[in-house]
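File shown: query12.pdb. Contents: PDB, C-alpha atoms.
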MODEL        1
ATOM      1  CA  MET A  27       0.000   0.000   0.000  1.00  0.00           C
ATOM      2  CA  ILE A  28       1.264   3.473  -0.936  1.00  0.00           C
ATOM      3  CA  THR A  29       0.707   6.420   1.374  1.00  0.00           C
ATOM      4  CA  LEU A  30       0.888   9.925   0.029  1.00  0.00           C
ATOM      5  CA  GLU A  31       1.220  12.878   2.374  1.00  0.00           C
ATOM      6  CA  ILE A  32       0.805  16.430   1.128  1.00  0.00           C
ATOM      7  CA  ASN A  33       1.916  19.435   3.124  1.00  0.00           C
ATOM      8  CA  GLN A  34      -0.901  21.907   2.523  1.00  0.00           C
ATOM      9  CA  GLU A  35       1.171  24.959   3.479  1.00  0.00           C
ATOM     10  CA  GLN A  36       3.988  24.074   1.071  1.00  0.00           C
ATOM     11  CA  LEU A  37       1.455  23.341  -1.663  1.00  0.00           C
ATOM     12  CA  LYS A  38      -0.247  26.708  -1.078  1.00  0.00           C
ATOM     13  CA  GLU A  39       3.108  28.536  -1.102  1.00  0.00           C
ATOM     14  CA  LEU A  40       4.149  26.837  -4.359  1.00  0.00           C
ATOM     15  CA  TYR A  41       0.783  27.620  -5.948  1.00  0.00           C
ATOM     16  CA  LEU A  42       0.921  31.310  -4.963  1.00  0.00           C
ATOM     17  CA  ARG A  43       4.502  31.630  -6.209  1.00  0.00           C
ATOM     18  CA  LYS A  44       3.536  30.151  -9.598  1.00  0.00           C
ATOM     19  CA  VAL A  45       0.510  32.443  -9.884  1.00  0.00           C
ATOM     20  CA  GLU A  46       2.694  35.459  -9.098  1.00  0.00           C
ATOM     21  CA  GLU A  47       5.274  34.397 -11.700  1.00  0.00           C
ATOM     22  CA  ARG A  48       2.551  34.061 -14.321  1.00  0.00           C
ATOM     23  CA  LEU A  49       1.100  37.474 -13.469  1.00  0.00           C
ATOM     24  CA  GLU A  50       4.553  39.017 -13.875  1.00  0.00           C
ATOM     25  CA  GLU A  51       4.874  37.345 -17.277  1.00  0.00           C
ATOM     26  CA  LEU A  52       1.499  38.723 -18.350  1.00  0.00           C
ATOM     27  CA  GLU A  53       2.408  42.215 -17.151  1.00  0.00           C
ATOM     28  CA  ALA A  54       5.625  42.071 -19.164  1.00  0.00           C
ATOM     29  CA  GLU A  55       3.561  41.339 -22.288  1.00  0.00           C
ATOM     30  CA  VAL A  56       1.634  44.614 -21.985  1.00  0.00           C
ATOM     31  CA  PHE A  57       2.831  47.162 -24.530  1.00  0.00           C
ATOM     32  CA  PHE A  58       1.302  50.274 -22.964  1.00  0.00           C
ATOM     33  CA  MET A  59       0.765  50.932 -19.278  1.00  0.00           C
ATOM     34  CA  ASN A  60      -1.838  53.312 -17.928  1.00  0.00           C
ATOM     35  CA  SER A  61      -1.143  55.641 -14.991  1.00  0.00           C
ATOM     36  CA  LYS A  62      -2.193  53.060 -12.394  1.00  0.00           C
ATOM     37  CA  GLN A  63       0.081  50.415 -13.905  1.00  0.00           C
ATOM     38  CA  LEU A  64       2.929  52.927 -14.074  1.00  0.00           C
ATOM     39  CA  THR A  65       2.587  53.762 -10.364  1.00  0.00           C
ATOM     40  CA  SER A  66       2.793  50.066  -9.564  1.00  0.00           C
ATOM     41  CA  TYR A  67       5.688  49.468 -11.973  1.00  0.00           C
ATOM     42  CA  LEU A  68       7.747  52.359 -10.546  1.00  0.00           C
ATOM     43  CA  ASN A  69       6.535  51.886  -6.967  1.00  0.00           C
ATOM     44  CA  MET A  70       5.842  55.620  -6.821  1.00  0.00           C
ATOM     45  CA  SER A  71       2.686  57.615  -6.158  1.00  0.00           C
ATOM     46  CA  TRP A  72       0.997  59.362  -9.080  1.00  0.00           C
ATOM     47  CA  ASN A  73       1.767  62.730  -7.447  1.00  0.00           C
ATOM     48  CA  SER A  74       5.487  61.867  -7.287  1.00  0.00           C
ATOM     49  CA  ILE A  75       5.450  60.743 -10.915  1.00  0.00           C
ATOM     50  CA  CYS A  76       3.776  63.999 -11.963  1.00  0.00           C
ATOM     51  CA  THR A  77       6.181  66.099  -9.894  1.00  0.00           C
ATOM     52  CA  HIS A  78       9.418  64.378 -10.865  1.00  0.00           C
ATOM     53  CA  LEU A  79       8.863  62.648 -14.211  1.00  0.00           C
ATOM     54  CA  LEU A  80       5.686  63.184 -16.212  1.00  0.00           C
ATOM     55  CA  TYR A  81       6.344  66.719 -17.370  1.00  0.00           C
ATOM     56  CA  GLU A  82       9.998  66.136 -18.174  1.00  0.00           C
ATOM     57  CA  GLU A  83      10.451  66.651 -21.911  1.00  0.00           C
ATOM     58  CA  ASN A  84      12.195  63.298 -22.466  1.00  0.00           C
ATOM     59  CA  PHE A  85       9.935  61.150 -20.281  1.00  0.00           C
ATOM     60  CA  PRO A  86       8.289  58.611 -22.630  1.00  0.00           C
ATOM     61  CA  LYS A  87       4.560  59.267 -22.686  1.00  0.00           C
ATOM     62  CA  ILE A  88       1.689  59.840 -25.055  1.00  0.00           C
ATOM     63  CA  ARG A  89      -1.770  61.162 -24.406  1.00  0.00           C
ATOM     64  CA  LEU A  90      -5.065  59.714 -25.588  1.00  0.00           C
ATOM     65  CA  GLY A  91      -7.751  62.215 -24.641  1.00  0.00           C
ATOM     66  CA  SER A  92      -7.419  62.601 -20.884  1.00  0.00           C
ATOM     67  CA  LYS A  93      -5.522  59.328 -20.507  1.00  0.00           C
ATOM     68  CA  TRP A  94      -1.742  58.983 -20.378  1.00  0.00           C
ATOM     69  CA  LEU A  95      -0.094  55.909 -21.919  1.00  0.00           C
ATOM     70  CA  PHE A  96       3.446  54.712 -21.278  1.00  0.00           C
ATOM     71  CA  LYS A  97       5.445  52.209 -23.300  1.00  0.00           C
ATOM     72  CA  ARG A  98       6.904  49.803 -20.750  1.00  0.00           C
ATOM     73  CA  LYS A  99      10.246  49.286 -22.506  1.00  0.00           C
ATOM     74  CA  ASP A 100      10.826  53.021 -23.028  1.00  0.00           C
ATOM     75  CA  VAL A 101       9.973  53.771 -19.390  1.00  0.00           C
ATOM     76  CA  GLN A 102      12.428  51.114 -18.239  1.00  0.00           C
ATOM     77  CA  GLU A 103      15.215  52.552 -20.398  1.00  0.00           C
ATOM     78  CA  TYR A 104      14.446  56.105 -19.263  1.00  0.00           C
ATOM     79  CA  MET A 105      14.365  55.112 -15.594  1.00  0.00           C
ATOM     80  CA  GLU A 106      17.688  53.284 -15.822  1.00  0.00           C
ATOM     81  CA  GLN A 107      19.315  56.441 -17.199  1.00  0.00           C
ATOM     82  CA  TYR A 108      17.449  58.674 -14.719  1.00  0.00           C
ATOM     83  CA  TYR A 109      18.558  56.466 -11.821  1.00  0.00           C
ATOM     84  CA  ASP A 110      22.190  56.663 -12.919  1.00  0.00           C
ATOM     85  CA  ASN A 111      21.968  60.455 -13.328  1.00  0.00           C
ATOM     86  CA  VAL A 112      20.482  60.924  -9.864  1.00  0.00           C
ATOM     87  CA  ARG A 113      23.022  58.556  -8.286  1.00  0.00           C
ATOM     88  CA  ASN A 114      25.910  60.351  -9.995  1.00  0.00           C
ATOM     89  CA  ASN A 115      24.635  63.688  -8.661  1.00  0.00           C
ATOM     90  CA  GLY A 116      24.310  62.873  -4.983  1.00  0.00           C
ATOM     91  CA  GLY A 117      21.509  60.311  -5.029  1.00  0.00           C
ATOM     92  CA  ASP A 118      18.708  62.666  -3.954  1.00  0.00           C
ATOM     93  CA  ILE A 119      15.921  63.237  -6.481  1.00  0.00           C
ATOM     94  CA  LEU A 120      14.842  66.526  -4.904  1.00  0.00           C
ATOM     95  CA  LYS A 121      18.355  67.988  -5.013  1.00  0.00           C
ATOM     96  CA  TYR A 122      18.899  66.579  -8.524  1.00  0.00           C
ATOM     97  CA  LYS A 123      15.735  68.325  -9.722  1.00  0.00           C
ATOM     98  CA  ARG A 124      16.900  71.647  -8.283  1.00  0.00           C
ATOM     99  CA  LYS A 125      20.145  71.392 -10.268  1.00  0.00           C
ATOM    100  CA  GLY A 126      18.351  70.751 -13.548  1.00  0.00           C
TER     101      GLY A 126
ENDMDL
END

Starting from the coordinates I provided, produce the structure as C-alpha cells.
Amino acid sequence: MITLEINQEQLKELYLRKVEERLEELEAEVFFMNSKQLTSYLNMSWNSICTHLLYEENFPKIRLGSKWLFKRKDVQEYMEQYYDNVRNNGGDILKYKRKG
C-alpha cells in the first residue's frame, strides 16, 4: 500500500509563487501601461510621478484624450538612465531636480 502525504502549506506557497510568476509574465507582455500600472511598476505615487517625471520633456509618454499611456520598454530605459543620473549627482531626487 502506498501512502501519500501532502503538506498543505507548502502546496499553497508553491501555488501562490507560480501564480505570481505568471502574473509578472502577463504584465511584461503589456505594450502600454496606464497611470495606475505605471505607479505600480515604478513603486511611486501618481503625485510623485507627476512632480518628478511626467512633465519632463524626455519622459516617454503619449496622451489619448485625458488618458496617459506609457510604453513599458521606453519607461524602463528612461528610468535606468534617470537612476544613474540621480546617483551620480548625490543620489537625492529633490536635489537633482533643483540642479536641472

Reference answer for the PyMOL selection byres ((chain A and resi 99) around 12), as JSON, numbers by chain: {"A": [53, 54, 55, 56, 57, 58, 59, 64, 67, 86, 87, 96, 97, 98, 100, 101, 102, 103, 104, 105, 106]}

Keeping only C-alpha atoms, write the selected residues to a file as a CSV table (one decimal), in the coordinates of the input.
chain,number,residue,atom,x,y,z
A,53,GLU,CA,2.4,42.2,-17.2
A,54,ALA,CA,5.6,42.1,-19.2
A,55,GLU,CA,3.6,41.3,-22.3
A,56,VAL,CA,1.6,44.6,-22.0
A,57,PHE,CA,2.8,47.2,-24.5
A,58,PHE,CA,1.3,50.3,-23.0
A,59,MET,CA,0.8,50.9,-19.3
A,64,LEU,CA,2.9,52.9,-14.1
A,67,TYR,CA,5.7,49.5,-12.0
A,86,PRO,CA,8.3,58.6,-22.6
A,87,LYS,CA,4.6,59.3,-22.7
A,96,PHE,CA,3.4,54.7,-21.3
A,97,LYS,CA,5.4,52.2,-23.3
A,98,ARG,CA,6.9,49.8,-20.8
A,100,ASP,CA,10.8,53.0,-23.0
A,101,VAL,CA,10.0,53.8,-19.4
A,102,GLN,CA,12.4,51.1,-18.2
A,103,GLU,CA,15.2,52.6,-20.4
A,104,TYR,CA,14.4,56.1,-19.3
A,105,MET,CA,14.4,55.1,-15.6
A,106,GLU,CA,17.7,53.3,-15.8

Box along x, y and z, 3 Å on every side, all listed atoms of segment 33-47 of chain A inside: centre and edge lengths in Å to one decimal, as AutoDock Vina command-line options.
--center_x 2.2 --center_y 27.4 --center_z -4.1 --size_x 12.2 --size_y 22.0 --size_z 21.2

Contacts of Asn111 of chain A at 12 Å (all atoms listed in the file; same-chain gap of 5+ positions) as a list in words: Tyr104, Met105, Glu106, Gly116, Gly117, Asp118, Ile119, Lys121, Tyr122, Lys123, Lys125 and Gly126 of chain A

Å distance separating atom CA of Lys62 of chain A from atom CA of Lys93 of chain A, one decimal place: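 Separation of atom CA of Lys62 of chain A and atom CA of Lys93 of chain A: 10.8 Å.
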
Atom-to-atom span, atom CA of Tyr108 of chain A and atom CA of Asn84 of chain A, Å: 10.4 Å

Atomic distance atom CA of Trp72 of chain A - atom CA of Trp94 of chain A, expressed in Å with one decimal: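 Atom-to-atom, atom CA of Trp72 of chain A to atom CA of Trp94 of chain A, that is 11.6 Å.
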